[in-house]
>>> print(open('work17.csv').read())   # CSV, C-alpha atoms and all ligand atoms
chain,number,residue,atom,x,y,z
A,1374,MET,CA,6.2,5.8,15.9
A,1375,LEU,CA,2.7,6.1,14.5
A,1376,ILE,CA,2.2,8.9,12.0
A,1377,THR,CA,-0.5,9.8,9.5
A,1378,GLY,CA,-0.5,9.1,5.8
A,1379,LYS,CA,0.0,12.7,4.9
A,1380,GLN,CA,3.0,13.0,7.2
A,1381,MET,CA,4.4,9.9,5.7
A,1382,LEU,CA,3.9,10.7,2.0
A,1383,ASP,CA,4.6,14.4,1.8
A,1384,ILE,CA,8.2,13.7,2.9
A,1385,ALA,CA,8.5,10.8,0.5
A,1386,ARG,CA,7.3,12.9,-2.5
A,1387,GLU,CA,9.6,15.8,-1.5
A,1388,ASN,CA,12.7,13.5,-1.2
A,1389,LYS,CA,11.8,11.3,-4.3
A,1390,PHE,CA,11.4,7.9,-2.7
A,1391,SER,CA,8.4,5.7,-2.2
A,1392,VAL,CA,7.1,4.2,1.0
A,1393,PRO,CA,6.2,0.6,0.6
A,1394,ALA,CA,2.6,-0.2,1.7
A,1395,PHE,CA,2.7,-3.9,2.6
A,1396,ASN,CA,-0.6,-5.8,2.9
A,1397,ALA,CA,0.7,-7.8,5.8
A,1398,GLY,CA,-2.5,-9.8,6.4
A,1399,SER,CA,-1.3,-12.0,9.3
A,1400,GLY,CA,0.7,-11.6,12.5
A,1401,GLN,CA,3.7,-13.5,10.9
A,1402,LEU,CA,3.7,-11.1,7.9
A,1403,LEU,CA,3.5,-8.1,10.2
A,1404,THR,CA,6.5,-9.2,12.2
A,1405,ALA,CA,8.4,-10.0,9.0
A,1406,VAL,CA,7.9,-6.6,7.4
A,1407,MET,CA,8.3,-4.7,10.7
A,1408,GLU,CA,11.6,-6.3,11.4
A,1409,THR,CA,12.8,-5.7,7.9
A,1410,ALA,CA,11.9,-2.0,8.0
A,1411,GLU,CA,13.5,-1.6,11.4
A,1412,ARG,CA,16.7,-3.3,10.2
A,1413,LEU,CA,16.8,-1.0,7.1
A,1414,ASN,CA,15.7,2.1,9.0
A,1415,ALA,CA,12.9,2.5,6.6
A,1416,PRO,CA,9.4,4.0,7.0
A,1417,PHE,CA,6.6,1.8,5.9
A,1418,ILE,CA,2.8,1.6,5.6
A,1419,MET,CA,0.9,-1.3,7.2
A,1420,ALA,CA,-2.0,-1.7,4.7
A,1421,ILE,CA,-5.0,-3.7,5.7
A,1422,HIS,CA,-7.9,-4.4,3.3
A,1423,PRO,CA,-11.4,-4.8,4.7
A,1424,ASP,CA,-11.4,-8.5,3.8
A,1425,GLU,CA,-8.1,-8.9,5.6
A,1426,LEU,CA,-9.5,-7.0,8.6
A,1427,ALA,CA,-12.5,-9.3,8.7
A,1428,PHE,CA,-10.1,-12.3,8.9
A,1429,LEU,CA,-7.7,-10.7,11.4
A,1430,LYS,CA,-10.4,-9.3,13.7
A,1431,ASP,CA,-10.4,-5.8,15.1
A,1432,SER,CA,-8.1,-6.8,18.0
A,1433,PHE,CA,-5.3,-7.3,15.6
A,1434,ILE,CA,-5.1,-3.5,15.2
A,1435,SER,CA,-4.3,-3.1,18.9
A,1436,GLN,CA,-1.3,-5.3,18.2
A,1437,VAL,CA,-0.2,-3.2,15.2
A,1438,ILE,CA,-0.6,0.0,17.3
A,1439,TYR,CA,1.5,-1.6,20.1
A,1440,GLU,CA,4.2,-2.5,17.6
A,1441,CYS,CA,4.2,1.1,16.1
A,1442,ASN,CA,4.4,2.7,19.5
A,1443,HIS,CA,7.4,0.6,20.5
A,1444,SER,CA,9.3,1.1,17.2
A,1445,LYS,CA,11.7,3.8,16.3
A,1446,ILE,CA,10.7,3.8,12.6
A,1447,PRO,CA,7.7,5.8,11.3
A,1448,VAL,CA,4.7,3.6,10.5
A,1449,CYS,CA,1.2,4.5,9.2
A,1450,ILE,CA,-1.8,2.2,9.5
A,1451,HIS,CA,-3.8,2.4,6.4
A,1452,LEU,CA,-7.2,1.1,5.3
A,1453,ASP,CA,-6.7,-0.3,1.8
A,1454,HIS,CA,-9.6,0.0,-0.6
A,1455,GLY,CA,-12.3,1.2,1.8
A,1456,ALA,CA,-15.6,0.6,-0.1
A,1457,ASN,CA,-17.9,2.9,1.9
A,1458,MET,CA,-18.3,5.3,4.7
A,1459,GLN,CA,-19.1,2.6,7.2
A,1460,GLN,CA,-15.8,0.8,6.6
A,1461,VAL,CA,-13.9,4.1,6.8
A,1462,ALA,CA,-15.6,5.1,10.1
A,1463,HIS,CA,-14.9,1.7,11.5
A,1464,ALA,CA,-11.2,1.9,10.6
A,1465,ILE,CA,-10.9,5.4,12.1
A,1466,GLN,CA,-12.5,4.1,15.3
A,1467,LEU,CA,-9.9,1.3,15.5
A,1468,GLY,CA,-7.0,3.7,15.2
A,1469,PHE,CA,-6.0,3.7,11.6
A,1470,THR,CA,-4.1,6.9,10.7
A,1471,SER,CA,-4.9,6.8,7.0
A,1472,VAL,CA,-7.9,5.5,4.9
A,1473,MET,CA,-8.5,4.9,1.3
A,1474,ILE,CA,-11.9,5.4,-0.2
A,1475,ASP,CA,-12.2,3.7,-3.5
A,1476,SER,CA,-15.1,4.9,-5.6
A,1477,SER,CA,-13.1,4.7,-8.8
A,1478,HIS,CA,-15.7,2.5,-10.4
A,1479,GLN,CA,-18.3,5.2,-9.9
A,1480,PRO,CA,-18.9,8.1,-12.4
A,1481,PHE,CA,-16.5,11.0,-11.9
A,1482,GLU,CA,-19.0,13.3,-10.1
A,1483,GLU,CA,-20.2,10.5,-7.8
A,1484,ASN,CA,-16.5,9.6,-7.0
A,1485,ILE,CA,-16.0,13.3,-6.0
A,1486,ARG,CA,-19.1,13.4,-3.9
A,1487,ILE,CA,-18.3,10.2,-1.9
A,1488,THR,CA,-14.6,11.1,-1.5
A,1489,LYS,CA,-15.5,14.6,-0.2
A,1490,GLU,CA,-17.7,13.1,2.5
A,1491,VAL,CA,-14.9,10.8,3.6
A,1492,VAL,CA,-12.4,13.7,3.6
A,1493,LYS,CA,-14.8,15.7,5.8
A,1494,LEU,CA,-15.0,12.9,8.4
A,1495,ALA,CA,-11.4,11.8,8.3
A,1496,HIS,CA,-9.8,15.2,8.4
A,1497,SER,CA,-12.0,16.3,11.3
A,1498,VAL,CA,-10.1,13.7,13.4
A,1499,GLY,CA,-6.7,14.1,11.8
A,1500,VAL,CA,-6.8,11.0,9.6
A,1501,SER,CA,-5.4,11.2,6.0
A,1502,VAL,CA,-7.3,10.1,2.9
A,1503,GLU,CA,-6.3,8.4,-0.3
A,1504,ALA,CA,-8.7,8.2,-3.2
A,1505,GLU,CA,-8.5,6.7,-6.7
A,1506,LEU,CA,-9.1,7.9,-10.2
A,1507,GLY,CA,-9.0,5.6,-13.2
A,1508,THR,CA,-9.2,1.8,-12.8
A,1509,ILE,CA,-6.4,-0.6,-11.7
A,1510,GLY,CA,-6.5,-3.9,-13.5
A,1511,ASP,CA,-7.0,-7.3,-11.8
A,1512,THR,CA,-5.1,-10.5,-12.7
A,1513,GLY,CA,-7.5,-12.5,-10.6
A,1514,SER,CA,-7.3,-14.2,-7.1
A,1515,THR,CA,-6.4,-11.2,-5.0
A,1516,VAL,CA,-8.2,-9.6,-2.1
A,1517,GLU,CA,-7.9,-6.2,-3.7
A,1518,GLY,CA,-9.8,-7.1,-6.9
A,1519,GLY,CA,-9.9,-4.6,-9.7
A,1520,ALA,CA,-11.3,-4.1,-13.2
A,1521,SER,CA,-10.8,-6.4,-16.2
A,1522,GLU,CA,-9.8,-3.5,-18.3
A,1523,ILE,CA,-7.5,-0.6,-17.2
A,1524,ILE,CA,-8.8,2.9,-17.7
A,1525,TYR,CA,-5.9,5.2,-17.6
A,1526,THR,CA,-6.1,8.3,-15.3
A,1527,ASP,CA,-6.8,11.5,-17.2
A,1528,PRO,CA,-4.3,14.1,-16.0
A,1529,LEU,CA,-6.7,17.1,-16.2
A,1530,LYS,CA,-9.4,15.1,-14.4
A,1531,ALA,CA,-6.8,14.2,-11.7
A,1532,LYS,CA,-6.1,17.9,-11.1
A,1533,GLU,CA,-9.8,18.7,-10.9
A,1534,PHE,CA,-10.5,15.7,-8.6
A,1535,VAL,CA,-7.7,16.7,-6.2
A,1536,GLU,CA,-8.8,20.3,-6.0
A,1537,GLU,CA,-12.4,19.4,-5.5
A,1538,THR,CA,-11.9,16.7,-2.8
A,1539,GLN,CA,-8.9,18.0,-0.9
A,1540,ILE,CA,-7.5,14.4,-0.5
A,1541,ASP,CA,-4.0,13.8,0.7
A,1542,SER,CA,-2.8,11.3,-1.9
A,1543,LEU,CA,-4.2,10.0,-5.2
A,1544,ALA,CA,-4.0,6.5,-6.5
A,1545,ILE,CA,-3.7,6.6,-10.3
A,1546,ALA,CA,-4.0,4.0,-13.1
A,1547,ILE,CA,-1.0,4.0,-15.4
A,1548,GLY,CA,-0.9,0.4,-16.3
A,1549,THR,CA,-0.6,-1.7,-13.1
A,1550,SER,CA,-2.8,-4.6,-12.1
A,1551,HIS,CA,-3.5,-6.2,-8.7
A,1552,GLY,CA,-1.9,-9.6,-8.4
A,1553,ILE,CA,0.7,-11.4,-10.5
A,1554,TYR,CA,0.7,-11.0,-14.2
A,1555,PRO,CA,0.2,-14.2,-16.3
A,1556,LYS,CA,3.4,-15.1,-18.2
A,1557,HIS,CA,2.1,-13.9,-21.6
A,1558,LEU,CA,1.3,-10.4,-20.3
A,1559,VAL,CA,4.2,-8.0,-19.8
A,1560,PRO,CA,3.1,-5.1,-17.7
A,1561,LYS,CA,4.1,-1.7,-19.0
A,1562,LEU,CA,3.9,1.6,-17.0
A,1563,ARG,CA,2.7,4.6,-18.9
A,1564,LEU,CA,5.4,7.0,-17.6
A,1565,ASP,CA,4.3,9.6,-20.1
A,1566,ILE,CA,0.8,9.8,-18.4
A,1567,LEU,CA,2.5,9.9,-15.0
A,1568,GLU,CA,4.6,12.8,-16.0
A,1569,GLU,CA,1.6,14.8,-17.1
A,1570,ILE,CA,-0.2,14.1,-13.8
A,1571,TYR,CA,2.9,15.0,-11.8
A,1572,LYS,CA,3.1,18.4,-13.5
A,1573,LEU,CA,-0.6,19.1,-12.7
A,1574,VAL,CA,-1.1,17.5,-9.2
A,1575,ALA,CA,0.9,18.7,-6.2
A,1576,ILE,CA,0.1,15.8,-3.8
A,1577,PRO,CA,1.7,12.4,-3.4
A,1578,LEU,CA,0.7,9.8,-6.0
A,1579,VAL,CA,0.1,6.1,-5.3
A,1580,LEU,CA,0.7,3.0,-7.4
A,1581,HIS,CA,-1.5,0.0,-6.7
A,1582,GLY,CA,-0.6,-3.4,-8.0
A,1583,GLY,CA,3.1,-2.8,-7.7
A,1584,SER,CA,4.0,-6.5,-7.5
A,1585,SER,CA,6.1,-7.7,-10.5
A,1586,ASN,CA,6.3,-4.5,-12.5
A,1587,ALA,CA,9.7,-3.9,-14.1
A,1588,ASP,CA,12.2,-2.6,-11.6
A,1589,ASP,CA,13.5,0.1,-13.8
A,1590,GLU,CA,10.0,1.4,-14.5
A,1591,LEU,CA,9.2,1.5,-10.8
A,1592,ALA,CA,12.5,3.3,-10.1
A,1593,ALA,CA,11.7,5.9,-12.7
A,1594,SER,CA,8.3,6.6,-11.2
A,1595,LEU,CA,9.9,7.8,-7.9
A,1596,ASP,CA,11.1,10.9,-9.7
A,1597,LEU,CA,7.6,11.6,-10.9
A,1598,GLY,CA,5.7,11.9,-7.7
A,1599,ILE,CA,5.0,8.3,-6.8
A,1600,ALA,CA,5.4,8.3,-3.0
A,1601,LYS,CA,3.6,5.0,-2.1
A,1602,ILE,CA,3.7,1.7,-3.9
A,1603,ASN,CA,1.4,-1.1,-2.7
A,1604,ILE,CA,2.9,-4.6,-2.4
A,1605,SER,CA,0.6,-7.4,-1.5
A,1606,SER,CA,1.1,-10.5,-3.7
A,1607,ASP,CA,4.9,-10.5,-3.7
A,1608,ILE,CA,5.3,-10.8,0.1
A,1609,LYS,CA,2.7,-13.5,0.2
A,1610,ILE,CA,3.7,-15.7,-2.7
A,1611,CYS,CA,7.2,-16.3,-1.3
A,1612,PHE,CA,5.7,-17.1,2.1
A,1613,ALA,CA,3.2,-19.6,0.7
A,1614,ASN,CA,5.8,-21.2,-1.5
A,1615,LYS,CA,8.1,-21.8,1.4
A,1616,LEU,CA,5.2,-23.1,3.5
A,1617,ARG,CA,4.3,-25.6,0.8
A,1618,GLU,CA,8.0,-26.7,0.7
A,1619,MET,CA,8.0,-27.2,4.5
A,1620,LEU,CA,4.7,-29.2,4.4
A,1621,ASN,CA,5.8,-31.3,1.5
A,1622,GLY,CA,9.2,-31.9,2.8
A,1623,GLY,CA,8.5,-35.4,4.1
A,1624,ASN,CA,8.7,-34.5,7.8
A,1625,ASN,CA,5.1,-35.1,9.0
A,1626,GLU,CA,6.1,-34.2,12.6
A,1627,ILE,CA,6.4,-30.5,11.8
A,1628,ARG,CA,3.3,-28.9,13.4
A,1629,GLU,CA,4.4,-26.2,15.8
A,1630,PRO,CA,3.8,-22.6,14.4
A,1631,ASN,CA,7.2,-21.5,15.8
A,1632,VAL,CA,8.9,-24.2,13.7
A,1633,LEU,CA,6.7,-24.0,10.6
A,1634,PHE,CA,6.5,-20.2,10.0
A,1635,PRO,CA,10.0,-18.7,10.7
A,1636,PRO,CA,11.6,-20.0,7.4
A,1637,CYS,CA,8.5,-18.6,5.6
A,1638,MET,CA,8.9,-15.2,7.3
A,1639,LEU,CA,12.6,-15.1,6.2
A,1640,GLU,CA,11.4,-15.4,2.6
A,1641,THR,CA,9.0,-12.5,3.2
A,1642,GLN,CA,11.8,-10.5,4.8
A,1643,ARG,CA,14.0,-11.1,1.7
A,1644,VAL,CA,11.3,-9.8,-0.6
A,1645,ALA,CA,10.4,-6.9,1.7
A,1646,GLU,CA,14.1,-5.8,1.8
A,1647,GLN,CA,14.4,-5.9,-2.0
A,1648,LYS,CA,11.3,-3.7,-2.3
A,1649,ILE,CA,12.4,-1.2,0.3
A,1650,LYS,CA,15.7,-0.8,-1.4
A,1651,LEU,CA,14.1,-0.6,-4.9
A,1652,PHE,CA,11.8,2.2,-3.7
A,1653,LYS,CA,14.8,4.0,-2.1
A,1654,ALA,CA,13.1,4.0,1.3
A,1655,ASP,CA,16.0,2.5,3.2
A,1656,ASN,CA,17.7,4.8,5.7
A,1657,LYS,CA,14.9,7.4,5.3
A,1658,ALA,CA,13.4,7.1,8.8
A,1659,SER,CA,15.6,9.9,10.1
A,1660,LEU,CA,13.9,12.4,7.7
A,1661,TYR,CA,10.8,12.1,9.9
A,1662,TYR,CA,12.5,13.2,13.2
A,1663,ARG,CA,13.4,16.7,12.1
B,1701,ZN,ZN,-5.0,-1.7,-4.6
>>> encode(input="work17.csv", output="structure tokens", more="lines below")
Ligand SMILES: [Zn+2]
Amino acid sequence: MLITGKQMLDIARENKFSVPAFNAGSGQLLTAVMETAERLNAPFIMAIHPDELAFLKDSFISQVIYECNHSKIPVCIHLDHGANMQQVAHAIQLGFTSVMIDSSHQPFEENIRITKEVVKLAHSVGVSVEAELGTIGDTGSTVEGGASEIIYTDPLKAKEFVEETQIDSLAIAIGTSHGIYPKHLVPKLRLDILEEIYKLVAIPLVLHGGSSNADDELAASLDLGIAKINISSDIKICFANKLREMLNGGNNEIREPNVLFPPCMLETQRVAEQKIKLFKADNKASLYYR
């Protein structure tokens, strides 16, 4: 069942769980997370970054829509980090039900102006909008990118931003980074800032860079309005590690994709299951049928 981002996240916020947004940037990853979500009766967001879309080609979205229409669980197809109006319009034309416009690197007023334009277009065709305030860090080597220094989201600015733009969900910066943290860097979520934002902002909040943050911190954020957590690196690293193991295993005869990829997909399923349960999204699909 294909639903919008707003439908997906309003229910999550209300019921204090988070929907995992998996950047499943290949057919194998899509199948892996889809099967896991179905098995656990969990809603999930299929997040696709413009760079991933360029690699997958537009026709991939038809496959995703087919999967959604033939599934009993609620799914939303979401553009991750749309950079401009052109990318947003393209995604809407392909059938995405949610788009992110990321102008967080722009000055506050400019971020508002661009976001408002996107909201006007997207809402006119029933598509939900996520925007970002503050900057999410980057640990390097991710499609998502990010800033080298994190600027925490100002709670009062967040309130003003949401009221001005009429967005459906807000990505905030409270100490996460895209990618996997180097060993010497221990990520720490500023739950005090999150609590302030939660008090002032009535729409669902989004955490980007949710890979490898402490489980207890992520769990605590569910009670404070975090309704969507993006997971990209974690579902890809386990896949790639298994693939390396398969290729280095000494059997040079392995070449068929249907032999090579299934063990890797199992690894992704294992991680996806762990995230779904951590975010308390398991067995939440039924909430969407009322
Ligand atoms: Zn992101």
>>> atom_distance(input="work17.csv", atom1="atom CA of A:Ser1501", atom2="atom CA of A:Asn1656")
24.0 Å
>>> residues_near_ligand(input="work17.csv", ligand="ligand ZN 1701 (chain B)", cutoff="12 Å", atoms="all atoms listed in the file", output="PyMOL selection string")
chain A and resi 1394-1396+1420-1423+1451-1456+1473-1475+1477+1503-1512+1515-1520+1543-1546+1549-1552+1579-1584+1601-1606
>>> residues_near_point(input="work17.csv", point="(-2.7, 15.4, -6.8)", cutoff="6 Å", atoms="all atoms listed in the file", output="ChimeraX atom specification")
/A:1535,1543,1574-1576
>>> closest_residue(input="work17.csv", among="A:Lys1653, A:Arg1617, A:His1463, A:Lys1389", to="A:Asp1588", atoms="only C-alpha atoms")
A:Lys1653
>>> atom_distance(input="work17.csv", atom1="atom CA of A:Ile1434", atom2="atom CA of A:Lys1493")
23.5 Å
>>> closest_atom_pairs(input="work17.csv", of="stretch 1408-1509 of chain A", to="stretch 1641-1649 of chain A", cutoff="10 Å", atoms="only C-alpha atoms", output="JSON lines")
{"residue": "A:Glu1408", "atom": "CA", "partner": "A:Gln1642", "partner_atom": "CA", "distance": 7.8}
{"residue": "A:Thr1409", "atom": "CA", "partner": "A:Gln1642", "partner_atom": "CA", "distance": 5.8}
{"residue": "A:Ala1410", "atom": "CA", "partner": "A:Glu1646", "partner_atom": "CA", "distance": 7.6}
{"residue": "A:Arg1412", "atom": "CA", "partner": "A:Glu1646", "partner_atom": "CA", "distance": 9.1}
{"residue": "A:Leu1413", "atom": "CA", "partner": "A:Glu1646", "partner_atom": "CA", "distance": 7.6}
{"residue": "A:Asn1414", "atom": "CA", "partner": "A:Ile1649", "partner_atom": "CA", "distance": 9.9}
{"residue": "A:Ala1415", "atom": "CA", "partner": "A:Ile1649", "partner_atom": "CA", "distance": 7.3}
{"residue": "A:Pro1416", "atom": "CA", "partner": "A:Ile1649", "partner_atom": "CA", "distance": 9.0}
{"residue": "A:Phe1417", "atom": "CA", "partner": "A:Ile1649", "partner_atom": "CA", "distance": 8.6}
>>> residues_around(input="work17.csv", residues="A:Glu1490", least_positions_apart="2", cutoff="12 Å", atoms="only C-alpha atoms", output="PyMOL selection string")
chain A and resi 1457-1459+1461-1462+1474+1476+1483-1488+1492-1497+1502+1504+1537-1540
>>> closest_atom_pairs(input="work17.csv", of="stretch 1516-1616 of chain A", to="stretch 1633-1636 of chain A", cutoff="9 Å", atoms="only C-alpha atoms", output="JSON lines")
{"residue": "A:Phe1612", "atom": "CA", "partner": "A:Pro1636", "partner_atom": "CA", "distance": 8.4}
{"residue": "A:Lys1615", "atom": "CA", "partner": "A:Pro1636", "partner_atom": "CA", "distance": 7.2}
{"residue": "A:Leu1616", "atom": "CA", "partner": "A:Phe1634", "partner_atom": "CA", "distance": 7.2}
>>> write_last_selection(input="work17.csv", atoms="C-alpha atoms", output="PDB file, keeping the file's coordinate frame")
ATOM      1  CA  PHE A1612       5.700 -17.100   2.100  1.00  0.00           C
ATOM      2  CA  LYS A1615       8.100 -21.800   1.400  1.00  0.00           C
ATOM      3  CA  LEU A1616       5.200 -23.100   3.500  1.00  0.00           C
TER       4      LEU A1616
END
>>> atom_distance(input="work17.csv", atom1="atom CA of A:Pro1528", atom2="atom CA of A:Glu1569")
6.0 Å
>>> closest_residue(input="work17.csv", among="A:Cys1441, A:Val1448, A:Leu1564, A:Ile1570", to="A:Ala1592", atoms="all atoms listed in the file")
A:Leu1564
>>> closest_residue(input="work17.csv", among="A:Thr1377, A:Pro1577, A:Ile1446, A:Ser1432", to="A:Ala1658", atoms="all atoms listed in the file")
A:Ile1446
>>> closest_residue(input="work17.csv", among="A:Leu1426, A:Met1407, A:Met1381, A:Leu1591", to="A:Glu1440", atoms="only C-alpha atoms")
A:Met1407
>>> closest_residue(input="work17.csv", among="A:Asn1621, A:Asn1388, A:Gln1380, A:Gln1401", to="A:Lys1657", atoms="only C-alpha atoms")
A:Asn1388
>>> closest_residue(input="work17.csv", among="A:Gly1400, A:Gly1378, A:Gly1622, A:Pro1630", to="A:Lys1430", atoms="only C-alpha atoms")
A:Gly1400
>>> decode(input="work17.csv", residues="stretch 1585-1647 of chain A", atoms="C-alpha atoms", output="PDB file, in the first residue's frame")
ATOM      1  CA  SER A1585      25.728   3.769  14.416  1.00  0.00           C
ATOM      2  CA  ASN A1586      24.272   6.162  16.963  1.00  0.00           C
ATOM      3  CA  ALA A1587      23.868   4.671  20.441  1.00  0.00           C
ATOM      4  CA  ASP A1588      20.773   2.477  20.643  1.00  0.00           C
ATOM      5  CA  ASP A1589      19.597   3.973  23.940  1.00  0.00           C
ATOM      6  CA  GLU A1590      19.845   7.536  22.582  1.00  0.00           C
ATOM      7  CA  LEU A1591      17.869   6.635  19.479  1.00  0.00           C
ATOM      8  CA  ALA A1592      15.244   4.884  21.603  1.00  0.00           C
ATOM      9  CA  ALA A1593      14.896   7.971  23.829  1.00  0.00           C
ATOM     10  CA  SER A1594      14.366  10.198  20.789  1.00  0.00           C
ATOM     11  CA  LEU A1595      11.167   8.284  19.874  1.00  0.00           C
ATOM     12  CA  ASP A1596       9.380   9.852  22.835  1.00  0.00           C
ATOM     13  CA  LEU A1597      10.444  13.329  21.690  1.00  0.00           C
ATOM     14  CA  GLY A1598       8.853  13.513  18.253  1.00  0.00           C
ATOM     15  CA  ILE A1599      11.417  11.688  16.110  1.00  0.00           C
ATOM     16  CA  ALA A1600       9.127   9.848  13.671  1.00  0.00           C
ATOM     17  CA  LYS A1601      11.588   9.001  10.880  1.00  0.00           C
ATOM     18  CA  ILE A1602      15.183   7.828  11.138  1.00  0.00           C
ATOM     19  CA  ASN A1603      17.304   7.533   8.014  1.00  0.00           C
ATOM     20  CA  ILE A1604      19.426   4.427   7.642  1.00  0.00           C
ATOM     21  CA  SER A1605      21.773   4.197   4.703  1.00  0.00           C
ATOM     22  CA  SER A1606      25.296   3.058   5.603  1.00  0.00           C
ATOM     23  CA  ASP A1607      24.309   0.306   8.027  1.00  0.00           C
ATOM     24  CA  ILE A1608      22.267  -1.691   5.492  1.00  0.00           C
ATOM     25  CA  LYS A1609      24.998  -1.311   2.845  1.00  0.00           C
ATOM     26  CA  ILE A1610      28.116  -2.093   4.873  1.00  0.00           C
ATOM     27  CA  CYS A1611      26.859  -5.526   5.946  1.00  0.00           C
ATOM     28  CA  PHE A1612      25.906  -6.292   2.321  1.00  0.00           C
ATOM     29  CA  ALA A1613      29.301  -5.183   0.987  1.00  0.00           C
ATOM     30  CA  ASN A1614      31.221  -7.084   3.682  1.00  0.00           C
ATOM     31  CA  LYS A1615      29.406 -10.308   2.848  1.00  0.00           C
ATOM     32  CA  LEU A1616      29.951  -9.744  -0.863  1.00  0.00           C
ATOM     33  CA  ARG A1617      33.700  -9.298  -0.258  1.00  0.00           C
ATOM     34  CA  GLU A1618      33.708 -12.526   1.743  1.00  0.00           C
ATOM     35  CA  MET A1619      31.880 -14.341  -1.081  1.00  0.00           C
ATOM     36  CA  LEU A1620      34.309 -13.046  -3.710  1.00  0.00           C
ATOM     37  CA  ASN A1621      37.417 -13.740  -1.642  1.00  0.00           C
ATOM     38  CA  GLY A1622      36.186 -17.154  -0.568  1.00  0.00           C
ATOM     39  CA  GLY A1623      38.354 -19.017  -3.035  1.00  0.00           C
ATOM     40  CA  ASN A1624      35.567 -20.222  -5.300  1.00  0.00           C
ATOM     41  CA  ASN A1625      36.238 -18.425  -8.555  1.00  0.00           C
ATOM     42  CA  GLU A1626      33.278 -20.166 -10.186  1.00  0.00           C
ATOM     43  CA  ILE A1627      30.714 -18.028  -8.347  1.00  0.00           C
ATOM     44  CA  ARG A1628      29.330 -15.564 -10.825  1.00  0.00           C
ATOM     45  CA  GLU A1629      25.561 -15.900 -10.982  1.00  0.00           C
ATOM     46  CA  PRO A1630      23.775 -12.978  -9.271  1.00  0.00           C
ATOM     47  CA  ASN A1631      21.216 -15.392  -7.813  1.00  0.00           C
ATOM     48  CA  VAL A1632      24.059 -17.220  -6.077  1.00  0.00           C
ATOM     49  CA  LEU A1633      26.221 -14.231  -5.208  1.00  0.00           C
ATOM     50  CA  PHE A1634      23.648 -11.840  -3.758  1.00  0.00           C
ATOM     51  CA  PRO A1635      21.203 -13.837  -1.560  1.00  0.00           C
ATOM     52  CA  PRO A1636      23.690 -14.311   1.344  1.00  0.00           C
ATOM     53  CA  CYS A1637      24.423 -10.555   1.187  1.00  0.00           C
ATOM     54  CA  MET A1638      20.692  -9.776   1.217  1.00  0.00           C
ATOM     55  CA  LEU A1639      20.328 -11.921   4.342  1.00  0.00           C
ATOM     56  CA  GLU A1640      22.873  -9.693   6.062  1.00  0.00           C
ATOM     57  CA  THR A1641      20.890  -6.584   5.080  1.00  0.00           C
ATOM     58  CA  GLN A1642      17.711  -8.256   6.377  1.00  0.00           C
ATOM     59  CA  ARG A1643      19.386  -8.961   9.698  1.00  0.00           C
ATOM     60  CA  VAL A1644      20.354  -5.278  10.113  1.00  0.00           C
ATOM     61  CA  ALA A1645      16.995  -3.998   8.826  1.00  0.00           C
ATOM     62  CA  GLU A1646      15.179  -6.183  11.373  1.00  0.00           C
ATOM     63  CA  GLN A1647      17.337  -4.860  14.196  1.00  0.00           C
TER      64      GLN A1647
END
